[in-house]
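Colleague: Structure file data.cif, mmCIF, C-alpha atoms, is pasted below:
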data_model
loop_
_atom_site.label_atom_id
_atom_site.label_comp_id
_atom_site.auth_asym_id
_atom_site.auth_seq_id
_atom_site.Cartn_x
_atom_site.Cartn_y
_atom_site.Cartn_z
CA MET A 1064 0.00 0.00 0.00
CA LYS A 1065 1.31 3.42 -0.90
CA PHE A 1066 1.07 6.23 1.64
CA PRO A 1067 -1.40 9.06 0.98
CA ALA A 1068 0.18 12.47 0.43
CA PHE A 1069 1.52 14.28 3.50
CA ASP A 1070 4.00 16.99 4.41
CA TYR A 1071 7.11 15.88 6.25
CA ALA A 1072 9.30 17.76 8.68
CA ARG A 1073 12.23 16.57 10.76
CA PRO A 1074 13.05 19.37 13.19
CA ALA A 1075 16.55 19.46 14.67
CA GLY A 1076 15.49 20.00 18.28
CA LEU A 1077 12.68 19.39 20.74
CA ASP A 1078 11.53 23.02 20.91
CA ALA A 1079 11.27 23.22 17.13
CA ALA A 1080 9.25 19.98 17.15
CA LEU A 1081 6.86 21.36 19.79
CA ASP A 1082 6.41 24.56 17.76
CA LEU A 1083 5.52 22.51 14.68
CA LEU A 1084 3.13 20.35 16.69
CA ALA A 1085 1.37 23.48 17.97
CA GLY A 1086 0.06 23.83 14.42
CA GLU A 1087 -1.89 21.08 12.68
CA ALA A 1088 0.56 18.19 12.70
CA ALA A 1089 0.85 14.58 13.83
CA VAL A 1090 3.85 12.86 15.36
CA LEU A 1091 5.91 10.32 13.42
CA SER A 1092 8.13 8.24 15.67
CA GLY A 1093 9.14 4.79 14.40
CA GLY A 1094 6.01 4.63 12.24
CA GLN A 1095 5.68 0.86 12.53
CA SER A 1096 1.95 1.18 13.28
CA LEU A 1097 1.23 4.56 11.70
CA SER A 1098 2.72 3.62 8.30
CA PRO A 1099 0.43 0.62 7.69
CA MET A 1100 -2.53 2.65 8.97
CA MET A 1101 -1.68 5.35 6.44
CA GLY A 1102 -1.32 2.69 3.76
CA PHE A 1103 -4.79 1.40 4.54
CA ARG A 1104 -6.07 5.03 4.67
CA VAL A 1105 -7.19 4.50 8.27
CA ALA A 1106 -4.95 7.43 9.20
CA ARG A 1107 -4.48 10.44 6.92
CA PRO A 1108 -2.30 13.00 8.67
CA GLU A 1109 -1.68 16.13 6.60
CA LYS A 1110 1.65 16.86 8.21
CA LEU A 1111 4.05 14.55 10.03
CA VAL A 1112 6.71 15.76 12.43
CA ASP A 1113 9.47 13.14 12.61
CA ILE A 1114 10.77 13.00 16.20
CA SER A 1115 12.58 9.68 15.86
CA ARG A 1116 16.08 11.16 15.82
CA LEU A 1117 15.72 13.80 18.56
CA SER A 1118 18.63 13.03 20.87
CA ALA A 1119 16.69 14.50 23.82
CA LEU A 1120 14.25 11.58 23.47
CA ARG A 1121 16.75 8.78 22.78
CA GLY A 1122 18.34 8.27 26.22
CA ALA A 1123 17.62 6.43 29.45
CA ALA A 1124 18.82 7.05 33.00
CA LEU A 1125 18.35 5.96 36.57
CA GLU A 1126 17.61 8.83 38.99
CA PRO A 1127 19.10 8.82 42.53
CA ASP A 1128 15.78 7.64 44.07
CA GLY A 1129 15.66 4.69 41.66
CA THR A 1130 13.16 6.14 39.18
CA LEU A 1131 13.90 4.82 35.69
CA VAL A 1132 13.55 7.52 33.04
CA ILE A 1133 13.17 6.44 29.40
CA GLY A 1134 13.11 8.77 26.41
CA ALA A 1135 10.02 8.29 24.25
CA ALA A 1136 12.02 7.67 21.05
CA VAL A 1137 14.09 4.83 22.52
CA THR A 1138 13.52 1.84 20.23
CA HIS A 1139 12.41 -1.62 21.31
CA ALA A 1140 15.74 -2.97 19.98
CA MET A 1141 17.74 -0.54 22.15
CA ILE A 1142 15.83 -1.80 25.21
CA GLU A 1143 16.25 -5.42 24.06
CA ASP A 1144 20.00 -4.84 23.80
CA GLY A 1145 20.27 -3.53 27.37
CA ALA A 1146 19.94 0.26 27.07
CA LEU A 1147 17.97 0.56 30.32
CA PRO A 1148 20.05 0.80 33.52
CA GLY A 1149 18.99 -0.51 36.91
CA PRO A 1150 17.11 -3.52 38.26
CA LEU A 1151 14.21 -3.26 35.77
CA GLY A 1152 16.50 -3.35 32.73
CA GLY A 1153 16.59 -7.14 32.47
CA PHE A 1154 12.82 -7.61 32.61
CA LEU A 1155 12.15 -4.76 30.20
CA ALA A 1156 14.80 -6.14 27.80
CA ARG A 1157 12.89 -9.42 27.77
CA VAL A 1158 9.60 -7.63 27.14
CA ALA A 1159 11.14 -5.62 24.28
CA GLY A 1160 12.64 -8.76 22.71
CA GLY A 1161 9.16 -10.26 22.45
CA ILE A 1162 7.68 -7.38 20.44
CA ALA A 1163 6.95 -8.17 16.78
CA TYR A 1164 10.17 -8.83 14.80
CA ARG A 1165 13.70 -7.45 15.00
CA ALA A 1166 13.26 -5.35 11.83
CA ILE A 1167 10.21 -3.73 13.50
CA ARG A 1168 12.00 -3.39 16.84
CA ASN A 1169 14.90 -1.57 15.17
CA ARG A 1170 12.55 1.26 14.28
CA GLY A 1171 9.51 1.10 16.59
CA THR A 1172 9.70 3.15 19.82
CA ILE A 1173 8.36 2.75 23.33
CA GLY A 1174 6.69 6.17 23.20
CA GLY A 1175 5.10 5.43 19.86
CA SER A 1176 3.68 2.17 21.19
CA LEU A 1177 2.17 3.89 24.23
CA CYS A 1178 0.61 6.66 22.12
CA GLN A 1179 -0.72 4.11 19.63
CA ALA A 1180 -2.45 2.50 22.65
CA ASP A 1181 -3.20 -0.83 21.03
CA PRO A 1182 -4.65 -2.85 23.92
CA ALA A 1183 -2.86 -5.97 22.65
CA ALA A 1184 0.57 -4.31 22.62
CA ASP A 1185 3.28 -5.00 25.18
CA TRP A 1186 4.20 -1.57 26.55
CA PRO A 1187 0.67 -0.39 27.50
CA CYS A 1188 0.29 -3.60 29.54
CA VAL A 1189 3.74 -3.55 31.15
CA MET A 1190 3.78 0.21 31.85
CA SER A 1191 0.35 -0.09 33.49
CA LEU A 1192 1.74 -2.84 35.73
CA LEU A 1193 4.69 -0.62 36.69
CA ASP A 1194 2.56 2.50 37.36
CA ALA A 1195 4.61 4.52 34.87
CA VAL A 1196 4.07 8.25 34.60
CA LEU A 1197 4.16 9.89 31.18
CA VAL A 1198 5.57 13.37 30.63
CA LEU A 1199 3.61 15.25 27.97
CA ARG A 1200 5.30 18.39 26.65
CA ARG A 1201 3.74 21.17 24.65
CA ALA A 1202 5.15 24.49 23.50
CA GLY A 1203 5.46 26.41 26.76
CA GLY A 1204 4.48 23.72 29.24
CA GLU A 1205 4.29 20.13 30.34
CA ARG A 1206 2.13 17.84 32.44
CA GLN A 1207 2.61 14.42 33.95
CA VAL A 1208 -0.09 11.79 33.49
CA PRO A 1209 -0.14 8.33 35.09
CA VAL A 1210 -0.25 5.75 32.33
CA ARG A 1211 -3.51 4.33 33.68
CA ALA A 1212 -5.15 7.74 33.18
CA PHE A 1213 -3.43 8.11 29.80
CA LEU A 1214 -4.79 4.92 28.23
CA LEU A 1215 -8.49 5.47 27.58
CA GLY A 1216 -9.35 2.52 25.35
CA HIS A 1217 -8.69 0.94 21.96
CA LEU A 1218 -6.25 3.36 20.18
CA MET A 1219 -7.41 6.17 22.47
CA THR A 1220 -5.27 8.20 24.87
CA ALA A 1221 -5.52 11.38 26.92
CA ILE A 1222 -2.91 13.14 24.75
CA GLU A 1223 -4.12 16.45 23.33
CA PRO A 1224 -3.31 18.16 20.02
CA GLY A 1225 0.04 19.90 20.29
CA GLU A 1226 1.33 17.58 22.99
CA LEU A 1227 4.30 15.25 22.63
CA LEU A 1228 5.12 12.32 24.89
CA THR A 1229 8.77 12.95 25.76
CA VAL A 1230 9.64 10.81 28.76
CA ILE A 1231 8.36 7.69 30.55
CA ARG A 1232 9.06 7.63 34.29
CA ILE A 1233 8.93 4.30 36.12
CA PRO A 1234 8.96 4.45 39.93
CA PRO A 1235 11.34 2.09 41.77
CA GLN A 1236 9.93 -1.36 42.52
CA PRO A 1237 11.98 -2.56 45.51
CA GLY A 1238 12.13 -6.31 46.00
CA ALA A 1239 9.85 -6.99 43.04
CA ARG A 1240 10.00 -9.95 40.70
CA PHE A 1241 8.32 -9.94 37.34
CA GLY A 1242 6.70 -12.26 34.86
CA MET A 1243 5.23 -11.91 31.41
CA ALA A 1244 3.05 -14.19 29.29
CA LYS A 1245 1.54 -13.85 25.83
CA SER A 1246 -0.66 -15.91 23.60
CA THR A 1247 -0.34 -15.26 19.86
CA ARG A 1248 -1.51 -17.24 16.85
CA LYS A 1249 1.86 -16.65 15.22
CA LEU A 1250 5.09 -15.56 16.89
CA GLY A 1251 5.46 -11.78 16.69
CA GLU A 1252 1.84 -10.95 15.98
CA PHE A 1253 -0.26 -8.82 18.28
CA ALA A 1254 -1.32 -10.92 21.26
CA GLU A 1255 -4.76 -12.40 21.82
CA GLY A 1256 -3.87 -12.70 25.47
CA ILE A 1257 -1.15 -10.71 27.22
CA ALA A 1258 -0.28 -10.32 30.88
CA ALA A 1259 2.49 -8.92 33.04
CA ALA A 1260 2.82 -9.67 36.73
CA CYS A 1261 4.69 -8.30 39.74
CA LEU A 1262 5.36 -10.20 42.94
CA THR A 1263 6.66 -8.49 46.09
CA PRO A 1264 7.06 -10.12 49.52
CA GLY A 1265 3.58 -9.10 50.66
CA ALA A 1266 1.61 -8.64 47.44
CA ALA A 1267 1.01 -9.88 43.92
CA ARG A 1268 -0.58 -8.01 41.05
CA VAL A 1269 -1.17 -8.80 37.42
CA THR A 1270 -2.04 -6.55 34.49
CA LEU A 1271 -4.12 -8.07 31.71
CA GLY A 1272 -4.08 -6.57 28.23
CA ALA A 1273 -5.70 -7.40 24.88
CA LEU A 1274 -9.11 -6.52 26.35
CA GLU A 1275 -11.76 -4.21 24.88
CA VAL A 1276 -10.79 -1.75 27.64
CA PRO A 1277 -7.44 -0.38 28.81
CA PRO A 1278 -5.16 -2.89 30.59
CA ALA A 1279 -6.73 -4.05 33.86
CA THR A 1280 -4.52 -4.41 36.94
CA LEU A 1281 -5.79 -6.93 39.50
CA ALA A 1282 -4.53 -7.74 43.00
CA VAL A 1283 -4.07 -11.44 43.75
CA ASP A 1284 -3.35 -13.25 47.04
CA PRO A 1285 0.41 -13.94 46.80
CA ALA A 1286 -0.03 -17.23 48.67
CA LEU A 1287 -1.84 -18.58 45.58
CA VAL A 1288 1.10 -17.75 43.34
CA THR A 1289 3.97 -19.33 45.20
CA GLY A 1290 4.05 -23.08 45.68
CA PRO A 1291 3.24 -25.93 43.32
CA GLN A 1292 0.49 -25.60 40.71
CA PRO A 1293 -1.71 -28.42 39.37
CA ALA A 1294 -0.97 -29.80 35.91
CA ARG A 1295 -4.22 -28.30 34.66
CA LEU A 1296 -3.91 -24.62 35.48
CA THR A 1297 -7.63 -24.07 34.87
CA SER A 1298 -8.45 -26.16 37.96
CA SER A 1299 -6.09 -24.23 40.25
CA PRO A 1300 -7.17 -21.85 43.06
CA LEU A 1301 -5.00 -19.24 41.29
CA TYR A 1302 -7.07 -19.52 38.09
CA ALA A 1303 -10.26 -19.17 40.14
CA ALA A 1304 -8.91 -16.07 41.89
CA VAL A 1305 -7.80 -14.29 38.69
CA ASP A 1306 -11.07 -15.33 37.03
CA ALA A 1307 -13.10 -13.82 39.88
CA ALA A 1308 -11.03 -10.62 39.92
CA LEU A 1309 -11.41 -10.14 36.16
CA LYS A 1310 -15.16 -10.78 36.37
CA ALA A 1311 -15.36 -8.14 39.13
CA ALA A 1312 -13.46 -5.70 36.89
CA ASP A 1313 -16.24 -6.15 34.31
CA ALA A 1314 -13.78 -5.89 31.41
CA THR A 1315 -14.74 -8.95 29.39
CA ASP A 1316 -17.54 -11.27 28.41
CA PRO A 1317 -16.96 -13.82 31.19
CA ALA A 1318 -18.18 -16.69 29.01
CA GLY A 1319 -15.88 -15.76 26.13
CA TYR A 1320 -12.61 -17.23 24.88
CA ARG A 1321 -10.78 -13.94 25.38
CA HIS A 1322 -11.76 -13.92 29.05
CA HIS A 1323 -10.33 -17.41 29.50
CA LEU A 1324 -7.17 -16.47 27.59
CA ALA A 1325 -6.70 -13.32 29.71
CA VAL A 1326 -7.04 -15.31 32.93
CA LEU A 1327 -4.72 -18.05 31.68
CA THR A 1328 -1.97 -15.68 30.53
CA GLY A 1329 -2.41 -13.81 33.83
CA CYS A 1330 -1.79 -17.04 35.77
CA ARG A 1331 1.26 -17.86 33.65
CA ALA A 1332 2.75 -14.39 34.19
CA LEU A 1333 2.18 -14.64 37.96
CA ILE A 1334 3.72 -18.11 38.13
CA GLU A 1335 6.73 -16.91 36.17
CA ALA A 1336 7.17 -13.99 38.57
CA ALA A 1337 7.30 -16.51 41.44
CA GLN A 1338 10.07 -18.58 39.83
CA PRO A 1339 13.33 -18.33 41.76
CA MET B 962 9.09 17.61 -1.79
CA THR B 963 12.05 16.84 0.44
CA ASP B 964 15.74 16.88 -0.43
CA ILE B 965 17.59 13.85 0.84
CA ALA B 966 21.12 12.50 0.69
CA ILE B 967 21.70 8.82 1.34
CA THR B 968 24.39 6.24 0.78
CA ILE B 969 23.12 3.30 -1.21
CA ASN B 970 25.37 0.24 -1.28
CA GLY B 971 28.37 2.45 -0.60
CA THR B 972 27.57 5.07 -3.23
CA ALA B 973 26.33 8.55 -2.35
CA TRP B 974 22.95 9.53 -3.82
CA GLU B 975 21.15 12.85 -3.58
CA GLY B 976 17.70 13.65 -4.80
CA THR B 977 14.31 15.14 -4.16
CA VAL B 978 11.50 12.87 -3.04
CA GLU B 979 7.82 13.18 -2.29
CA PRO B 980 7.24 12.53 1.43
CA ARG B 981 4.76 9.78 0.51
CA LEU B 982 7.42 7.81 -1.37
CA SER B 983 8.52 4.79 0.68
CA LEU B 984 12.15 3.80 0.96
CA ALA B 985 11.23 0.57 -0.84
CA ASP B 986 9.81 2.46 -3.82
CA LEU B 987 12.83 4.77 -3.90
CA ILE B 988 15.12 1.72 -4.01
CA ARG B 989 13.09 -0.13 -6.65
CA GLY B 990 11.84 2.79 -8.72
CA GLU B 991 14.33 5.65 -8.65
CA LEU B 992 17.43 3.56 -8.02
CA THR B 993 16.27 0.53 -10.09
CA LEU B 994 17.63 -1.89 -7.51
CA THR B 995 14.89 -4.45 -7.95
CA GLY B 996 16.43 -7.11 -5.73
CA THR B 997 14.40 -5.63 -2.87
CA HIS B 998 10.88 -7.06 -3.13
CA LEU B 999 7.51 -5.78 -1.99
CA GLY B 1000 5.23 -8.48 -0.68
CA CYS B 1001 2.52 -7.30 1.70
CA GLU B 1002 3.51 -3.61 1.86
CA HIS B 1003 2.31 -3.33 5.44
CA GLY B 1004 5.15 -4.72 7.49
CA VAL B 1005 4.11 -8.35 7.88
CA CYS B 1006 6.09 -10.36 5.31
CA GLY B 1007 9.68 -9.10 5.54
CA ALA B 1008 10.37 -9.33 1.80
CA CYS B 1009 11.35 -5.63 1.73
CA ASN B 1010 13.88 -5.82 4.59
CA VAL B 1011 17.01 -3.81 3.87
CA GLU B 1012 19.85 -2.69 6.10
CA VAL B 1013 19.57 0.87 7.35
CA ASP B 1014 22.75 1.96 9.15
CA GLY B 1015 23.70 -1.69 9.56
CA VAL B 1016 20.44 -3.12 10.94
CA PRO B 1017 17.44 -4.61 9.13
CA MET B 1018 14.32 -2.50 8.73
CA ARG B 1019 11.11 -2.72 6.71
CA SER B 1020 11.71 -0.44 3.73
CA CYS B 1021 7.96 -0.43 2.95
CA LEU B 1022 7.14 1.20 6.33
CA MET B 1023 9.69 3.98 6.08
CA PRO B 1024 9.25 7.17 4.11
CA ALA B 1025 12.35 7.70 1.97
CA ALA B 1026 12.50 11.20 3.48
CA ALA B 1027 13.04 9.62 6.91
CA ALA B 1028 16.12 7.79 5.57
CA ASP B 1029 17.92 11.07 4.88
CA GLY B 1030 21.55 10.76 5.97
CA CYS B 1031 21.38 6.98 6.37
CA ALA B 1032 23.49 4.27 4.78
CA ILE B 1033 21.27 1.73 3.02
CA THR B 1034 22.45 -1.71 1.99
CA THR B 1035 20.25 -3.82 -0.27
CA ILE B 1036 20.83 -7.36 -1.51
CA GLU B 1037 22.80 -5.91 -4.43
CA GLY B 1038 25.33 -4.50 -1.95
CA GLN B 1039 25.60 -7.49 0.38
CA TYR B 1040 29.20 -8.55 0.00
CA GLY B 1041 31.78 -9.32 2.63
CA GLU B 1042 32.72 -12.66 4.13
CA MET B 1043 29.53 -13.41 6.02
CA ALA B 1044 27.28 -12.55 3.06
CA GLU B 1045 29.40 -14.70 0.72
CA ARG B 1046 29.25 -17.64 3.11
CA LEU B 1047 25.49 -17.19 3.42
CA ARG B 1048 25.04 -17.08 -0.37
CA ALA B 1049 26.97 -20.33 -0.72
CA ALA B 1050 25.01 -21.94 2.12
CA PHE B 1051 21.68 -20.87 0.53
CA THR B 1052 22.78 -22.70 -2.61
CA THR B 1053 24.03 -25.78 -0.76
CA HIS B 1054 20.88 -26.12 1.37
CA HIS B 1055 18.41 -25.20 -1.37
CA ALA B 1056 17.30 -22.25 0.76
CA LEU B 1057 15.46 -20.52 -2.07
CA GLN B 1058 12.86 -21.79 -4.47
CA CYS B 1059 11.08 -18.89 -6.20
CA GLY B 1060 13.45 -16.35 -4.65
CA PHE B 1061 10.82 -13.76 -3.77
CA CYS B 1062 11.59 -13.74 -0.03
CA THR B 1063 15.33 -14.27 -0.45
CA SER B 1064 16.65 -10.71 -0.26
CA GLY B 1065 14.64 -10.05 2.90
CA MET B 1066 15.66 -13.43 4.31
CA MET B 1067 19.31 -12.59 3.64
CA ALA B 1068 19.00 -9.24 5.46
CA THR B 1069 17.44 -10.96 8.48
CA ALA B 1070 19.81 -13.94 8.34
CA LEU B 1071 22.90 -11.71 8.30
CA ASP B 1072 21.54 -9.84 11.32
CA ILE B 1073 20.90 -13.14 13.13
CA LEU B 1074 24.48 -14.21 12.46
CA ARG B 1075 25.98 -10.87 13.47
CA ARG B 1076 24.07 -10.90 16.75
CA GLY B 1077 25.41 -14.41 17.44
CA LEU B 1078 21.94 -16.00 17.43
CA GLY B 1079 22.56 -18.59 14.70
CA ARG B 1080 23.79 -21.45 16.85
CA ASP B 1081 20.54 -23.24 17.58
CA GLU B 1082 17.58 -24.00 15.42
CA ALA B 1083 14.89 -22.82 17.84
CA THR B 1084 16.46 -19.36 18.13
CA ILE B 1085 16.87 -19.08 14.35
CA ARG B 1086 13.21 -19.97 13.83
CA ARG B 1087 12.12 -17.40 16.43
CA GLU B 1088 14.24 -14.68 14.85
CA LEU B 1089 13.02 -15.57 11.34
CA ALA B 1090 9.36 -15.25 12.36
CA GLY B 1091 9.13 -11.84 10.70
CA ASN B 1092 10.01 -13.17 7.24
CA ILE B 1093 7.46 -15.18 5.31
CA CYS B 1094 8.51 -17.64 2.58
CA ARG B 1095 5.59 -18.24 0.24
CA CYS B 1096 7.18 -21.52 -0.92
CA THR B 1097 7.30 -22.60 2.77
CA GLY B 1098 10.98 -23.43 2.28
CA TYR B 1099 11.97 -22.64 5.85
CA GLN B 1100 13.82 -25.91 6.44
CA GLY B 1101 16.55 -25.01 3.96
CA ILE B 1102 16.78 -21.39 5.12
CA VAL B 1103 17.21 -22.42 8.75
CA ALA B 1104 19.79 -25.06 7.73
CA ALA B 1105 21.76 -22.47 5.74
CA ILE B 1106 21.93 -20.03 8.67
CA LEU B 1107 22.88 -22.83 11.07
CA HIS B 1108 25.58 -23.95 8.63
CA VAL B 1109 27.18 -20.50 8.46
CA ALA B 1110 26.97 -20.05 12.24
CA GLN B 1111 28.76 -23.37 12.79
CA GLU B 1112 31.32 -22.52 10.11
CA THR B 1113 32.18 -19.16 11.64
CA THR B 1114 32.00 -20.00 15.36
CA PRO B 1115 35.26 -21.35 16.77
#
Show me the file's structure as structure tokens.

Modeller:
Amino acid sequence: MKFPAFDYARPAGLDAALDLLAGEAAVLSGGQSLSPMMGFRVARPEKLVDISRLSALRGAALEPDGTLVIGAAVTHAMIEDGALPGPLGGFLARVAGGIAYRAIRNRGTIGGSLCQADPAADWPCVMSLLDAVLVLRRAGGERQVPVRAFLLGHLMTAIEPGELLTVIRIPPQPGARFGMAKSTRKLGEFAEGIAAACLTPGAARVTLGALEVPPATLAVDPALVTGPQPARLTSSPLYAAVDAALKAADATDPAGYRHHLAVLTGCRALIEAAQP
Amino acid sequence: MTDIAITINGTAWEGTVEPRLSLADLIRGELTLTGTHLGCEHGVCGACNVEVDGVPMRSCLMPAAAADGCAITTIEGQYGEMAERLRAAFTTHHALQCGFCTSGMMATALDILRRGLGRDEATIRRELAGNICRCTGYQGIVAAILHVAQETTP
């Protein structure tokens, strides 16, 4: 599919990008979702501002209090290859390595994925689990929005015209262990079931994606997660607990396949988090 | 229209492109390097993979304007020891039938080998998941990559 006509600008700095975005313009980051959408004429931006090479958005750092700060234009491949410092780097590298294919990961960015807000994508799910805070800049100002308030639904976010996601801030997660599980029909495709889990000494939580609604984070009794699990996960107390919590969240058709898949991937993510 | 300057297979090229022109169409149309193939044109099949600054990317998903300043290597420019070994191994293992996916497969395969991921079959298959062979000739492609990895690993 050929792209429809658009104007293209690649400003040299962040301020110039924000000035351009203050007019009628859309953001082009890695373009790995936007490009096919333009090809299919689902998206028809008149002007694209390419922010993919802005050095201000391409770094990552650990702040003294342990907050991990990631530039929005950091690619999945950079994260996969260990660009993120600190204790979360290993888990996030694994998450990044599971996104689509390497040729996509070389160009697609974490900020682009969050702003695309596909419920089946990896970063909206994982960043919801980690209570990330997104920094939205505009010409002459900025605001910080928790990711759970940012993600409004299928391809919908709280970002406003003129705003640019610049930085993702992840608070420290002391003593936490993580797990991730996905169910895809073919390796690298968008997931039909996706879950990320966090286990701390006194608590367990799991975030379920690929729902009709934004990722849902559920608290689970950690005693159900540690210890041996039956061969058939669907008959485990853990499955029953996640099933009940998802039903209470009212995010799915409880009789549907997707509900079952969400619960099952949730259990798998939690069990992985409990592995020594 | 946007002025761009790129390096294509080691040779400098400057020109003016429409923003809507994809890198793939620049390569195939303007530069007449038709070894790069367009399969699905929406990022699924991997036939259009080319190297941009040394790493594989989907040339169908990238406006040519966004490649300004980059070094592009297509199948026509894939020389060097690893590429030569891979070419020979593709022949030995019958890793191409119709050849439509081959240039994209080569771009991905070289990247797999350079990242040191060619030593076991399961990893190769995982890393090849983004390239579709319409002849379903994966067995030979995987065998060729494995062969080169074993040849080049001490």

Colleague: Translate the PyMOL selection byres ((chain B and resi 1069) around 10) into a concrete residue list for this structure, as a ChimeraX atom specification.

Modeller: /A:1164-1166 /B:1007-1008,1010-1012,1016-1018,1063-1068,1070-1075,1088-1092

Colleague: Between B:Gln1111, B:Thr977, B:Thr968, B:Ser983, which residue has the minimum interatomic distance to Ala1050 (chain B), considering only C-alpha atoms?

Modeller: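 Of B:Gln1111, B:Thr977, B:Thr968, B:Ser983, the one nearest Ala1050 (chain B), counting only C-alpha atoms, is B:Gln1111.
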
Colleague: Interatomic distance between CA of Gln1058 (chain B) and CA of Cys1096 (chain B)?

Modeller: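 Interatomic distance, CA of Gln1058 (chain B) to CA of Cys1096 (chain B): 6.7 Å.
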
Colleague: Written as a ChimeraX atom specification, what is the full residue list that the PyMOL selection byres ((chain A) within 6 of (chain B)) yields on the file shown?

Modeller: /A:1064,1066,1068,1071,1098-1099,1164,1166

Colleague: Hey, what comes out of the PyMOL selection byres ((chain A and resi 1267-1277) around 6) on this file? Could you write it as number ranges by chain?

Modeller: A: 1182-1183, 1188, 1192, 1214, 1216, 1255-1262, 1266, 1278-1283, 1285

Colleague: Counting all atoms listed in the file, figure out which residue out of A:Leu1084, A:Leu1177, A:Ala1195, A:Met1141 gets nearest to Val1208 (chain A).

Modeller: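 Answer, going by the shortest atom-to-atom distance: A:Ala1195.
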
Colleague: Go through A:Met1101, A:Leu1120, A:Ala1286, A:Ala1106 and flag the residue nearest Gly1076 (chain A), using all atoms listed in the file for the distances.

Modeller: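 Among the listed residues, A:Leu1120 lies closest to Gly1076 (chain A).
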
Colleague: Between CA of Gly1204 (chain A) and CA of Glu1109 (chain A), measure the distance and give it in Å to one decimal.

Modeller: 24.7 Å

Colleague: Report, in Å to a single decimal, how far apart CA of Glu1082 (chain B) and CA of Glu1045 (chain B) are.

Modeller: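 Straight-line distance from CA of Glu1045 (chain B) to CA of Glu1082 (chain B) works out to 21.0 Å.
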
Colleague: When distances are computed from only C-alpha atoms, which of B:Ile1036, B:Cys1094, B:Leu1107, B:Ile1085 shows the smallest separation from His1054 (chain B)?

Modeller: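 Of the candidates, the smallest distance to His1054 (chain B) is held by B:Leu1107.
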
Colleague: Skip Ala1336 (chain A) itself and residues of its chain fewer than 4 positions away, then list as a list in words all residues within 6 Å of it, counting only C-alpha atoms.

Modeller: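 Counting only the stated atoms, we get Arg1240, Phe1241 and Gly1242 of chain A.
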
Colleague: With all atoms listed in the file as the atoms that count, which of A:Gly1238, A:Leu1199, A:Ile1142, A:Glu1205 lies nearest to Ala1221 (chain A)?

Modeller: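 The answer is A:Leu1199, which sits nearest to Ala1221 (chain A).
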
Colleague: Which residue out of B:Ile988, B:Leu994, B:Leu1057, B:Ala1105 has the minimum interatomic distance to Asp1081 (chain B) when all atoms listed in the file are used?

Modeller: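 The shortest atom-to-atom distance to Asp1081 (chain B) comes from B:Ala1105.
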
Colleague: Quick one: residues within 12 Å of Gly1175 (chain A), all atoms listed in the file, excluding same-chain residues fewer than 2 positions away - as a PyMOL selection string?

Modeller: chain A and resi 1089-1098+1113-1115+1120+1134-1139+1168+1170-1173+1177-1181+1184-1187+1218+1220+1227-1231

Colleague: Near region 964-967 of chain B, counting only C-alpha atoms, which residues have an atom at most 9 Å away, once you skip same-chain residues fewer than 4 positions from it, shown as a list of chain:residue names?

Modeller: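 After dropping sequence-adjacent residues, the list is B:Thr972, B:Ala973, B:Trp974, B:Glu975, B:Gly976, B:Thr977, B:Val978, B:Glu979, B:Ala1025, B:Ala1026, B:Ala1027, B:Ala1028, B:Asp1029, B:Gly1030, B:Cys1031, B:Ala1032, B:Ile1033.
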